[in-house]
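Asks: Got a file for you: my_file-v2.cif, mmCIF, C-alpha atoms.
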data_protein
#
loop_
_atom_site.label_atom_id
_atom_site.label_comp_id
_atom_site.auth_asym_id
_atom_site.auth_seq_id
_atom_site.Cartn_x
_atom_site.Cartn_y
_atom_site.Cartn_z
CA MET O 1 -55.21 82.31 -30.31
CA LEU O 2 -55.01 84.68 -33.22
CA SER O 3 -51.47 85.71 -32.30
CA GLU O 4 -50.31 82.11 -32.72
CA TYR O 5 -51.74 82.01 -36.26
CA LEU O 6 -50.06 85.33 -37.03
CA PHE O 7 -46.71 84.03 -35.76
CA ARG O 8 -47.01 81.15 -38.20
CA LEU O 9 -47.78 83.47 -41.10
CA GLY O 10 -45.06 85.93 -40.14
CA ASP O 11 -42.35 83.41 -39.31
CA ASP O 12 -42.85 81.45 -42.54
CA ARG O 13 -42.06 84.63 -44.46
CA LEU O 14 -39.31 85.92 -42.21
CA ILE O 15 -37.34 82.68 -42.34
CA LEU O 16 -37.83 82.03 -46.05
CA GLY O 17 -37.09 85.70 -46.74
CA HIS O 18 -33.82 85.47 -44.82
CA ARG O 19 -32.84 82.27 -46.61
CA THR O 20 -33.58 83.88 -49.96
CA SER O 21 -31.59 86.97 -49.02
CA GLU O 22 -28.52 84.74 -48.68
CA TRP O 23 -28.43 84.70 -52.49
CA CYS O 24 -27.69 88.41 -52.63
CA GLY O 25 -24.48 88.72 -54.63
CA HIS O 26 -24.48 85.00 -55.46
CA GLY O 27 -27.24 84.75 -58.09
CA PRO O 28 -26.46 82.85 -61.29
CA ILE O 29 -26.80 86.02 -63.37
CA LEU O 30 -27.23 89.69 -62.49
CA GLU O 31 -30.93 89.78 -63.36
CA GLU O 32 -31.70 86.71 -61.26
CA ASP O 33 -29.63 88.04 -58.39
CA ILE O 34 -31.87 91.12 -58.36
CA ALA O 35 -34.99 88.97 -58.70
CA LEU O 36 -33.97 86.88 -55.68
CA ALA O 37 -33.28 89.99 -53.62
CA ASN O 38 -36.67 91.39 -54.65
CA THR O 39 -38.37 88.18 -53.56
CA ALA O 40 -36.51 88.21 -50.24
CA LEU O 41 -37.55 91.80 -49.62
CA ASP O 42 -41.19 91.02 -50.48
CA LEU O 43 -41.20 88.16 -47.99
CA ILE O 44 -39.52 90.14 -45.22
CA GLY O 45 -41.95 93.01 -45.87
CA GLN O 46 -44.87 90.62 -45.49
CA ALA O 47 -43.30 89.18 -42.34
CA ASN O 48 -43.04 92.68 -40.93
CA LEU O 49 -46.78 93.28 -41.42
CA PHE O 50 -47.86 89.92 -40.00
CA LEU O 51 -45.51 90.13 -37.00
CA GLU O 52 -46.41 93.73 -36.21
CA LEU O 53 -50.05 92.66 -36.10
CA ALA O 54 -49.09 89.58 -34.06
CA GLY O 55 -47.41 91.83 -31.51
CA GLN O 56 -50.48 94.07 -31.26
CA VAL O 57 -52.86 91.13 -30.90
CA GLU O 58 -50.59 89.49 -28.33
CA GLY O 59 -50.67 92.69 -26.27
CA LYS O 60 -47.26 92.33 -24.61
CA GLY O 61 -45.81 95.38 -26.32
CA ARG O 62 -43.56 93.41 -28.69
CA THR O 63 -42.82 95.02 -32.04
CA ALA O 64 -42.07 93.11 -35.24
CA ASP O 65 -38.37 93.76 -34.63
CA ALA O 66 -38.55 92.43 -31.08
CA LEU O 67 -40.28 89.30 -32.36
CA ALA O 68 -37.82 88.79 -35.19
CA TYR O 69 -34.61 89.41 -33.28
CA PHE O 70 -35.25 88.51 -29.67
CA ARG O 71 -37.01 85.17 -29.78
CA GLU O 72 -35.27 81.81 -29.45
CA GLY O 73 -35.54 79.01 -31.97
CA VAL O 74 -38.19 77.11 -30.00
CA GLU O 75 -40.42 80.19 -30.12
CA PHE O 76 -40.43 80.33 -33.91
CA ARG O 77 -43.53 78.91 -35.59
CA ASN O 78 -42.41 78.62 -39.22
CA ALA O 79 -42.83 75.39 -41.17
CA GLN O 80 -39.53 73.55 -41.42
CA ILE O 81 -39.41 73.83 -45.22
CA MET O 82 -38.64 77.53 -44.82
CA GLU O 83 -35.50 77.05 -42.73
CA LEU O 84 -33.72 74.41 -44.83
CA PRO O 85 -30.38 75.69 -46.19
CA ARG O 86 -30.64 77.43 -49.52
CA GLY O 87 -28.82 74.59 -51.33
CA ASP O 88 -28.11 75.06 -55.01
CA PHE O 89 -30.20 77.22 -57.35
CA ALA O 90 -32.40 74.23 -58.19
CA PHE O 91 -33.22 73.70 -54.50
CA THR O 92 -34.01 77.37 -53.95
CA THR O 93 -36.18 77.40 -57.08
CA ALA O 94 -38.06 74.24 -56.16
CA ARG O 95 -38.77 75.46 -52.63
CA GLN O 96 -39.91 78.87 -53.83
CA PHE O 97 -42.20 77.18 -56.32
CA LEU O 98 -43.75 74.67 -53.88
CA VAL O 99 -44.25 77.35 -51.22
CA SER O 100 -45.49 80.08 -53.56
CA VAL O 101 -48.15 77.88 -55.13
CA PHE O 102 -49.40 77.10 -51.62
CA GLU O 103 -49.24 80.73 -50.47
CA LEU O 104 -51.07 81.94 -53.53
CA LEU O 105 -54.02 79.67 -52.72
CA HIS O 106 -53.78 80.53 -49.02
CA LEU O 107 -53.53 84.32 -49.35
CA ASP O 108 -56.18 84.45 -52.02
CA ARG O 109 -58.68 83.07 -49.50
CA LEU O 110 -57.24 85.03 -46.58
CA GLN O 111 -58.26 88.22 -48.39
CA SER O 112 -61.84 87.38 -47.36
CA SER O 113 -60.94 86.98 -43.67
CA LYS O 114 -63.36 88.63 -41.24
CA HIS O 115 -60.34 90.17 -39.55
CA THR O 116 -59.96 93.30 -41.65
CA ASP O 117 -56.28 93.97 -40.86
CA LEU O 118 -55.42 90.41 -41.77
CA ALA O 119 -57.48 90.61 -44.96
CA GLY O 120 -55.67 93.84 -45.87
CA ILE O 121 -52.22 92.31 -45.46
CA ALA O 122 -53.30 89.29 -47.51
CA ALA O 123 -54.58 91.54 -50.31
CA LYS O 124 -51.19 93.22 -50.53
CA ALA O 125 -49.19 90.01 -50.22
CA VAL O 126 -51.20 88.01 -52.75
CA LYS O 127 -50.00 90.22 -55.62
CA GLU O 128 -46.37 89.75 -54.70
CA THR O 129 -46.93 86.04 -54.28
CA ARG O 130 -48.57 85.71 -57.68
CA TYR O 131 -45.36 87.07 -59.15
CA HIS O 132 -43.18 84.74 -57.05
CA ALA O 133 -45.20 81.76 -58.27
CA ARG O 134 -44.90 82.83 -61.91
CA HIS O 135 -41.19 83.52 -61.66
CA ALA O 136 -40.51 80.21 -59.89
CA ALA O 137 -42.69 78.24 -62.33
CA ASP O 138 -40.78 79.69 -65.27
CA TRP O 139 -37.53 78.45 -63.74
CA MET O 140 -39.06 75.04 -62.98
CA LEU O 141 -39.79 74.64 -66.70
CA LYS O 142 -36.36 75.87 -67.76
CA LEU O 143 -34.35 73.75 -65.31
CA GLY O 144 -36.58 70.66 -65.49
CA ASP O 145 -36.73 70.68 -69.27
CA GLY O 146 -33.18 72.01 -69.63
CA THR O 147 -29.96 70.00 -69.60
CA ALA O 148 -29.47 66.53 -68.09
CA GLU O 149 -27.72 68.12 -65.13
CA SER O 150 -30.33 70.81 -64.45
CA HIS O 151 -33.07 68.19 -64.74
CA GLN O 152 -31.36 65.86 -62.29
CA ARG O 153 -30.62 68.63 -59.79
CA LEU O 154 -34.19 69.90 -59.86
CA GLN O 155 -35.68 66.43 -59.54
CA SER O 156 -33.56 65.64 -56.48
CA ALA O 157 -34.47 69.03 -54.97
CA VAL O 158 -38.18 68.28 -55.42
CA ASP O 159 -37.69 64.78 -53.98
CA ASP O 160 -35.79 66.14 -50.96
CA LEU O 161 -38.34 68.88 -50.31
CA TRP O 162 -41.46 66.76 -50.70
CA ARG O 163 -41.52 65.41 -47.16
CA PHE O 164 -41.54 68.98 -45.83
CA THR O 165 -44.64 70.01 -47.78
CA GLY O 166 -47.14 68.17 -45.56
CA GLU O 167 -46.66 70.72 -42.80
CA LEU O 168 -47.98 73.51 -45.00
CA PHE O 169 -51.44 71.92 -44.86
CA GLU O 170 -51.45 70.96 -41.21
CA VAL O 171 -54.46 72.20 -39.23
CA ASP O 172 -54.60 72.14 -35.44
CA GLU O 173 -57.23 73.17 -32.88
CA ILE O 174 -56.14 76.80 -33.01
CA GLU O 175 -56.61 77.14 -36.74
CA ARG O 176 -59.76 75.04 -36.71
CA ALA O 177 -61.34 77.46 -34.23
CA LEU O 178 -60.14 80.54 -36.14
CA THR O 179 -61.44 79.07 -39.40
CA ALA O 180 -64.85 78.49 -37.80
CA GLU O 181 -64.88 82.19 -36.89
CA GLY O 182 -64.09 83.14 -40.48
CA ILE O 183 -60.67 84.54 -39.57
CA ALA O 184 -58.21 81.87 -40.72
CA VAL O 185 -58.09 79.78 -43.90
CA ASP O 186 -58.53 76.01 -43.79
CA ARG O 187 -55.12 74.95 -45.12
CA GLY O 188 -56.10 71.32 -45.37
CA ALA O 189 -58.75 72.17 -47.95
CA LEU O 190 -56.08 73.65 -50.24
CA ARG O 191 -54.10 70.47 -50.60
CA ALA O 192 -55.85 68.91 -53.60
CA GLN O 193 -55.67 72.13 -55.60
CA TRP O 194 -52.03 72.62 -54.64
CA ARG O 195 -51.21 69.11 -55.77
CA ASP O 196 -52.98 69.63 -59.09
CA GLU O 197 -51.17 72.87 -59.81
CA VAL O 198 -47.77 71.57 -58.69
CA SER O 199 -48.24 68.36 -60.70
CA ARG O 200 -49.20 70.32 -63.79
CA VAL O 201 -45.96 72.32 -63.72
CA LEU O 202 -43.74 69.38 -62.71
CA THR O 203 -45.14 67.30 -65.55
CA ALA O 204 -44.66 70.12 -68.06
CA ALA O 205 -41.09 70.40 -66.77
CA THR O 206 -40.59 66.65 -67.49
CA LEU O 207 -40.22 65.98 -63.75
CA THR O 208 -41.72 63.16 -61.71
CA VAL O 209 -44.25 64.07 -59.03
CA PRO O 210 -43.09 62.34 -55.81
CA ASP O 211 -45.43 60.07 -53.88
CA ASP O 212 -46.72 61.33 -50.55
CA GLY O 213 -44.80 59.31 -47.96
CA PHE O 214 -43.60 60.20 -44.49
CA MET O 215 -44.08 63.88 -43.78
CA GLN O 216 -41.79 65.86 -41.51
CA ARG O 217 -43.55 68.07 -38.99
CA GLY O 218 -43.17 70.06 -35.77
CA GLY O 219 -42.34 73.63 -36.83
CA ARG O 220 -45.68 75.00 -35.65
CA GLU O 221 -44.84 73.76 -32.14
CA GLY O 222 -41.32 75.15 -32.17
CA LYS O 223 -39.63 71.88 -33.14
CA HIS O 224 -37.12 72.72 -35.83
CA THR O 225 -34.28 71.22 -37.81
CA GLU O 226 -30.74 71.99 -36.70
CA HIS O 227 -30.57 74.59 -39.47
CA LEU O 228 -32.82 77.17 -37.80
CA GLY O 229 -30.38 77.87 -34.96
CA HIS O 230 -27.60 78.76 -37.38
CA LEU O 231 -29.92 80.96 -39.40
CA LEU O 232 -31.08 82.82 -36.29
CA ALA O 233 -27.54 83.28 -35.03
CA GLU O 234 -26.66 85.10 -38.21
CA MET O 235 -29.94 86.99 -38.52
CA GLN O 236 -30.08 88.13 -34.90
CA ILE O 237 -26.46 88.83 -34.01
CA VAL O 238 -26.39 92.54 -34.84
CA ALA O 239 -29.67 93.32 -33.06
CA ARG O 240 -28.55 91.35 -30.01
CA SER O 241 -25.02 92.76 -29.90
CA PHE O 242 -26.30 96.33 -30.10
CA PRO O 243 -29.79 96.31 -28.55
CA GLY O 244 -31.82 99.38 -29.43
CA ALA O 245 -29.34 100.54 -32.07
CA GLU O 246 -30.81 102.65 -34.87
CA TRP O 247 -29.56 103.83 -38.21
CA MET A 1 -34.89 67.68 -73.44
CA SER A 2 -36.61 69.91 -75.92
CA ALA A 3 -35.72 73.54 -76.49
CA ASN A 4 -38.22 76.26 -75.79
CA SER A 5 -40.14 77.12 -78.94
CA ASP A 6 -40.20 80.86 -78.23
CA GLN A 7 -36.48 81.00 -77.63
CA GLY A 8 -34.87 84.34 -78.33
CA PRO A 9 -32.21 84.90 -80.94
CA ALA A 10 -28.84 83.21 -80.46
CA THR A 11 -25.72 85.31 -80.28
CA ASP A 12 -22.70 83.86 -82.02
CA GLY A 13 -19.63 83.12 -79.92
CA ASP A 14 -21.14 84.76 -76.84
CA THR A 15 -21.75 82.60 -73.79
CA GLN A 16 -24.06 85.23 -72.32
CA TRP A 17 -27.78 84.88 -72.86
CA PRO A 18 -29.26 87.02 -75.63
CA LEU A 19 -29.84 90.67 -74.90
CA TRP A 20 -33.28 92.27 -74.88
CA GLU A 21 -34.13 95.97 -74.83
CA VAL A 22 -36.69 97.08 -72.30
CA PHE A 23 -39.28 99.80 -72.83
CA ILE A 24 -41.58 101.01 -70.09
CA GLN A 25 -44.78 103.02 -70.27
CA PRO A 26 -44.78 105.42 -67.31
CA LYS A 27 -48.54 106.06 -67.28
CA PRO A 28 -51.64 105.38 -69.41
CA GLY A 29 -51.46 107.07 -72.79
CA ALA A 30 -47.78 107.93 -72.48
CA PRO A 31 -45.33 106.50 -75.02
CA HIS A 32 -43.09 103.58 -74.03
CA GLU A 33 -39.60 104.80 -73.20
CA HIS A 34 -36.39 102.85 -73.45
CA CYS A 35 -35.08 102.17 -69.94
CA GLY A 36 -32.32 99.59 -70.38
CA SER A 37 -31.61 96.00 -71.29
CA VAL A 38 -31.66 92.51 -69.77
CA HIS A 39 -30.31 89.09 -70.63
CA ALA A 40 -32.86 86.30 -71.11
CA VAL A 41 -33.30 83.08 -73.04
CA ASP A 42 -36.90 83.73 -74.07
CA ALA A 43 -39.63 86.36 -74.08
CA GLU A 44 -41.25 85.32 -70.79
CA GLN A 45 -37.93 85.42 -68.97
CA ALA A 46 -37.07 88.75 -70.59
CA LEU A 47 -40.35 90.17 -69.33
CA LEU A 48 -39.80 88.83 -65.80
CA ASN A 49 -36.23 90.10 -65.69
CA ALA A 50 -37.33 93.49 -67.01
CA ARG A 51 -39.92 93.67 -64.26
CA ASP A 52 -37.38 92.79 -61.59
CA VAL A 53 -34.68 95.13 -62.81
CA TYR A 54 -36.66 98.13 -64.08
CA ALA A 55 -40.20 98.10 -62.70
CA ARG A 56 -39.98 97.65 -58.97
CA ARG A 57 -40.30 101.28 -57.91
CA ASN A 58 -43.50 102.52 -59.52
CA GLU A 59 -41.71 103.26 -62.79
CA GLY A 60 -44.62 102.32 -64.98
CA ILE A 61 -47.67 100.31 -65.91
CA HIS A 62 -46.64 98.41 -69.03
CA LEU A 63 -43.49 96.77 -70.38
CA TRP A 64 -42.20 95.87 -73.82
CA VAL A 65 -39.17 93.66 -74.37
CA VAL A 66 -37.56 93.41 -77.80
CA PRO A 67 -34.59 91.28 -78.86
CA THR A 68 -31.74 93.74 -79.26
CA GLN A 69 -30.64 92.19 -82.55
CA TRP A 70 -34.03 93.00 -84.08
CA ILE A 71 -33.52 96.70 -83.55
CA THR A 72 -31.79 98.51 -86.39
CA GLY A 73 -30.02 101.72 -85.41
CA SER A 74 -28.46 104.53 -87.36
CA THR A 75 -24.65 104.70 -87.31
CA PRO A 76 -22.39 107.61 -86.32
CA ASP A 77 -21.77 108.12 -90.07
CA ASP A 78 -25.48 108.76 -90.50
CA MET A 79 -25.34 111.70 -88.12
CA GLY A 80 -24.55 114.36 -90.73
CA PRO A 81 -27.03 113.38 -93.43
CA PHE A 82 -29.74 112.37 -90.96
CA PHE A 83 -29.74 115.17 -88.45
CA ASP A 84 -27.72 118.21 -89.54
CA PRO A 85 -30.13 119.40 -92.25
CA ALA A 86 -32.66 120.18 -89.53
CA ASN A 87 -30.32 122.68 -87.83
CA ASP A 88 -31.17 125.70 -89.99
CA LYS A 89 -34.83 124.93 -90.59
CA ALA A 90 -36.49 126.52 -87.62
CA TYR A 91 -39.69 126.84 -89.64
CA ARG A 92 -40.23 123.10 -89.12
CA HIS A 93 -41.17 123.87 -85.53
CA PRO A 94 -44.65 125.24 -84.85
CA GLN A 95 -43.07 127.83 -82.53
CA PHE A 96 -41.61 129.49 -85.66
CA TYR A 97 -45.03 130.84 -86.56
CA LYS A 98 -46.76 133.70 -84.84
CA THR A 99 -50.23 132.94 -83.57
CA PRO A 100 -52.74 135.03 -85.52
CA ARG A 101 -54.80 137.54 -83.57
CA GLY A 102 -58.10 136.11 -82.53
CA VAL A 103 -56.80 132.61 -81.99
CA ARG A 104 -56.98 131.49 -78.39
CA VAL A 105 -53.61 130.40 -77.12
CA TYR A 106 -53.59 127.48 -74.71
#
Do you think you could lay out the structure here as C-alpha cells?

Replies:
Amino acid sequence: MLSEYLFRLGDDRLILGHRTSEWCGHGPILEEDIALANTALDLIGQANLFLELAGQVEGKGRTADALAYFREGVEFRNAQIMELPRGDFAFTTARQFLVSVFELLHLDRLQSSKHTDLAGIAAKAVKETRYHARHAADWMLKLGDGTAESHQRLQSAVDDLWRFTGELFEVDEIERALTAEGIAVDRGALRAQWRDEVSRVLTAATLTVPDDGFMQRGGREGKHTEHLGHLLAEMQIVARSFPGAEW
Amino acid sequence: MSANSDQGPATDGDTQWPLWEVFIQPKPGAPHEHCGSVHAVDAEQALLNARDVYARRNEGIHLWVVPTQWITGSTPDDMGPFFDPANDKAYRHPQFYKTPRGVRVY
C-alpha cells in the first residue's frame, strides 16, 4: 500500500502548509511574514510532489490537485498535529519546530529509499526542511529565553502540542511492510533521536520538556479533530465552486 | 532571562529591531553585492531573514550581513571633493591608452 504511505507524507505537508499560509500578511514583522510564506510554499511544494506520485501509484487517474481539493476530511491521512489552528506565533513556532526536527530525521533516511522517485523527492525536501528546523529552533531560543510572556506562551504551546507528537512515530502494518521492502522509513526508530534533539533545544531555551503521557491519535485512519473540516472548507472552496477552472 | 550574547547594536529611541545590510555573492569568485537590508536582533536572525527575503530565487551562493550602524558612508557634501576630480582625468582609465602594435588584444 505505497499510495497510503504517500498520502500520509503528502497530507502532512499540505495541511501544515495551508495552516502556515494563514500567516501571510499577519506575521509579527515583515521579514518573518516572508519567512512564514516561504515555509508554507516549501511545504505545499513538497505536498504536490508526494501527492502527484501518490496519484500515479494509486492508478485511478487522480492528480495532486484532485487529491488536494476533492477529497473529504475522512480521506485525509495527515497527523492531527498538522491541522490544529495556527494559534499565536509561539504555537506556530513550537509546532514547526517539533515537526521539522522529526521530518529532518525522517527525510534524511527516506533519501535512501529503494523507491527512486520517493528518494528523489526526499532529497529535495530534506534541504528545505533543514532550513525550517534551523529557523524554528532560532525562534524557540529567542521566545523561550526571551521575556516572561514569550517564555510562558511558548511553554504552554509546547505543553499543548506534546500529546499530538506521538502520532508522528506511529507505525502500522502498511509501513512495517514497506519498511521491510526498503521503501519506507521506520518512524518508531526515530523517536529517541527526536527526543534528544528536541530536549536539547527546549533546555537551551529554558523550557521544560513535557512528560510523555496520553497521546492523541487517529489521523492516519482519517479520524481528525474538528479543525480539519474548517480548514478544508476554506482550502477547497474555490476548486469546488469552479471545477476545472484554470488561470 | 538572559540576553543573547551576540546581540546586534541597539538603536536609540527606535522600537524597531536593529537594521542590517545584506550583501550577496551571485556566483563563486564574484564580489558580494549590496542587495538590501533586514531587521534582526542578532547575527543568526539577520542571516536567516536575509536568506528569506533576498536569497530565495537563485540570487546567489553566499551571504554577508553587517550591522548598518557599523558602515560609514560618505555624505552628499563629500561628493565634490571625492568624485568630481576624476571627471577630467580620462588617463586614469586603461582605455585611454592605445595598445602598442604587437600586443595581442583579448

Asks: If the PyMOL selection byres ((chain A) within 10 of (chain O)) were run on this exact file, what residues would it hold? Put them as a ChimeraX atom specification.

Replies: /A:1-4,16-17,38-41,44-46,48-53,56

Asks: Do you have the atom CA of Glu128 of chain O-atom CA of Ala30 of chain A distance handy?

Replies: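 Separating atom CA of Glu128 of chain O from atom CA of Ala30 of chain A is a distance of 25.5 Å.
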
Asks: Given the file shown, enumerate the residues that the PyMOL selection byres ((chain A and resi 23) around 6) captures and present them as a list in words.

Replies: Val22, Ile24, His32, Glu33, His34, Cys35, Leu63 and Trp64 of chain A

Asks: Dig up all the protein and nucleic acid residues within 10 Å of (-32.1, 77.5, -49.3) in the file frame, using only C-alpha atoms, and format them as a list of chain:residue names.

Replies: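 Checking each residue against the 10 Å limit leaves O:Leu16, O:Gly17, O:His18, O:Arg19, O:Thr20, O:Ser21, O:Glu22, O:Trp23, O:Ile81, O:Met82, O:Glu83, O:Leu84, O:Pro85, O:Arg86, O:Gly87, O:Asp88, O:Phe89, O:Ala90, O:Phe91, O:Thr92, O:Thr93, O:Ala94, O:Arg95, O:Gln96.
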
Asks: Give me, as number ranges by chain, all polymer residues having an atom no more than 10 Å from segment 103-105 of chain O, counting all atoms listed in the file and skipping those fewer than 6 positions away in the same chain.

Replies: O: 9, 97, 122, 125-133, 168, 185, 187, 190-191, 193-194

Asks: What residues come out when you apply the PyMOL selection byres ((chain O and resi 46) around 12) to this file, written as a ChimeraX atom specification?

Replies: /O:6-7,9-17,39-45,47-53,64,103,107,118,120-129

Asks: Could you work out how far atom CA of Val201 of chain O lies from atom CA of Ala136 of chain O, giving the answer in Å with one decimal?

Replies: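 Distance reported for this atom pair: 10.3 Å.
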
Asks: Please compute the atom CA of Val238 of chain O-atom CA of Cys24 of chain O distance, one decimal, in Å.

Replies: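 A separation of 18.3 Å between them.
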
Asks: Nearest residue to Met215 of chain O out of O:Leu232, O:Ala137, O:Leu202, O:Ala79, using only C-alpha atoms?

Replies: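 Among the listed residues, O:Ala79 lies closest to Met215 of chain O.
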
Asks: Can you pull out every residue within 12 Å of segment 242-245 of chain O, counting all atoms listed in the file, but drop anything in the same chain fewer than 5 positions away, and send it as a short mmCIF file (atom, residue, chain, number, x, y, z; two decimals) with C-alpha atoms, in the frame of the given file?

Replies:
data_model
loop_
_atom_site.label_atom_id
_atom_site.label_comp_id
_atom_site.auth_asym_id
_atom_site.auth_seq_id
_atom_site.Cartn_x
_atom_site.Cartn_y
_atom_site.Cartn_z
CA ASP O 65 -38.37 93.76 -34.63
CA ALA O 66 -38.55 92.43 -31.08
CA TYR O 69 -34.61 89.41 -33.28
CA PHE O 70 -35.25 88.51 -29.67
CA GLN O 236 -30.08 88.13 -34.90
CA ILE O 237 -26.46 88.83 -34.01
#

Asks: Tell me, as a short mmCIF file (atom, residue, chain, number, x, y, z; two decimals) with C-alpha atoms, keeping the file's coordinate frame, which residues lie within 10 Å of Arg195 of chain O, counting all atoms listed in the file; anything in the same chain fewer than 2 positions away does not count.

Replies:
data_model
loop_
_atom_site.label_atom_id
_atom_site.label_comp_id
_atom_site.auth_asym_id
_atom_site.auth_seq_id
_atom_site.Cartn_x
_atom_site.Cartn_y
_atom_site.Cartn_z
CA LEU O 98 -43.75 74.67 -53.88
CA VAL O 101 -48.15 77.88 -55.13
CA PHE O 102 -49.40 77.10 -51.62
CA LEU O 190 -56.08 73.65 -50.24
CA ARG O 191 -54.10 70.47 -50.60
CA ALA O 192 -55.85 68.91 -53.60
CA GLN O 193 -55.67 72.13 -55.60
CA GLU O 197 -51.17 72.87 -59.81
CA VAL O 198 -47.77 71.57 -58.69
CA SER O 199 -48.24 68.36 -60.70
CA ARG O 200 -49.20 70.32 -63.79
CA VAL O 209 -44.25 64.07 -59.03
#

Asks: Would you mind completing segment 213-228 of chain O to N, CA and C atoms and writing the output as a compact mmCIF listing (two decimals), in the coordinates of the input?

Replies:
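Contents of the output file rebuild-v4.txt:
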# COMPACT_ATOMS: atom_id res chain seq x y z
N GLY O 213 -45.21 60.33 -48.92
CA GLY O 213 -44.80 59.31 -47.96
C GLY O 213 -44.79 59.92 -46.57
N PHE O 214 -43.76 59.61 -45.81
CA PHE O 214 -43.60 60.20 -44.49
C PHE O 214 -43.46 61.71 -44.61
N MET O 215 -44.18 62.43 -43.76
CA MET O 215 -44.08 63.88 -43.78
C MET O 215 -43.47 64.39 -42.47
N GLN O 216 -42.47 65.22 -42.63
CA GLN O 216 -41.79 65.86 -41.51
C GLN O 216 -42.72 66.90 -40.90
N ARG O 217 -42.71 67.04 -39.59
CA ARG O 217 -43.55 68.07 -38.99
C ARG O 217 -42.96 68.56 -37.67
N GLY O 218 -43.57 69.59 -37.10
CA GLY O 218 -43.17 70.06 -35.77
C GLY O 218 -42.89 71.55 -35.68
N GLY O 219 -42.69 72.20 -36.83
CA GLY O 219 -42.34 73.63 -36.83
C GLY O 219 -43.36 74.50 -36.12
N ARG O 220 -44.63 74.16 -36.26
CA ARG O 220 -45.68 75.00 -35.65
C ARG O 220 -45.66 74.92 -34.13
N GLU O 221 -44.97 73.89 -33.61
CA GLU O 221 -44.84 73.76 -32.14
C GLU O 221 -43.44 74.14 -31.68
N GLY O 222 -42.66 74.72 -32.56
CA GLY O 222 -41.32 75.15 -32.17
C GLY O 222 -40.26 74.08 -32.30
N LYS O 223 -40.63 72.93 -32.92
CA LYS O 223 -39.63 71.88 -33.14
C LYS O 223 -39.03 72.10 -34.53
N HIS O 224 -37.76 72.34 -34.56
CA HIS O 224 -37.12 72.72 -35.83
C HIS O 224 -35.94 71.81 -36.16
N THR O 225 -35.49 71.93 -37.39
CA THR O 225 -34.28 71.22 -37.81
C THR O 225 -33.09 71.95 -37.20
N GLU O 226 -31.93 71.35 -37.28
CA GLU O 226 -30.74 71.99 -36.70
C GLU O 226 -30.35 73.26 -37.47
N HIS O 227 -30.97 73.45 -38.64
CA HIS O 227 -30.57 74.59 -39.47
C HIS O 227 -31.11 75.93 -38.96
N LEU O 228 -32.23 75.90 -38.23
CA LEU O 228 -32.82 77.17 -37.80
C LEU O 228 -31.89 77.94 -36.86
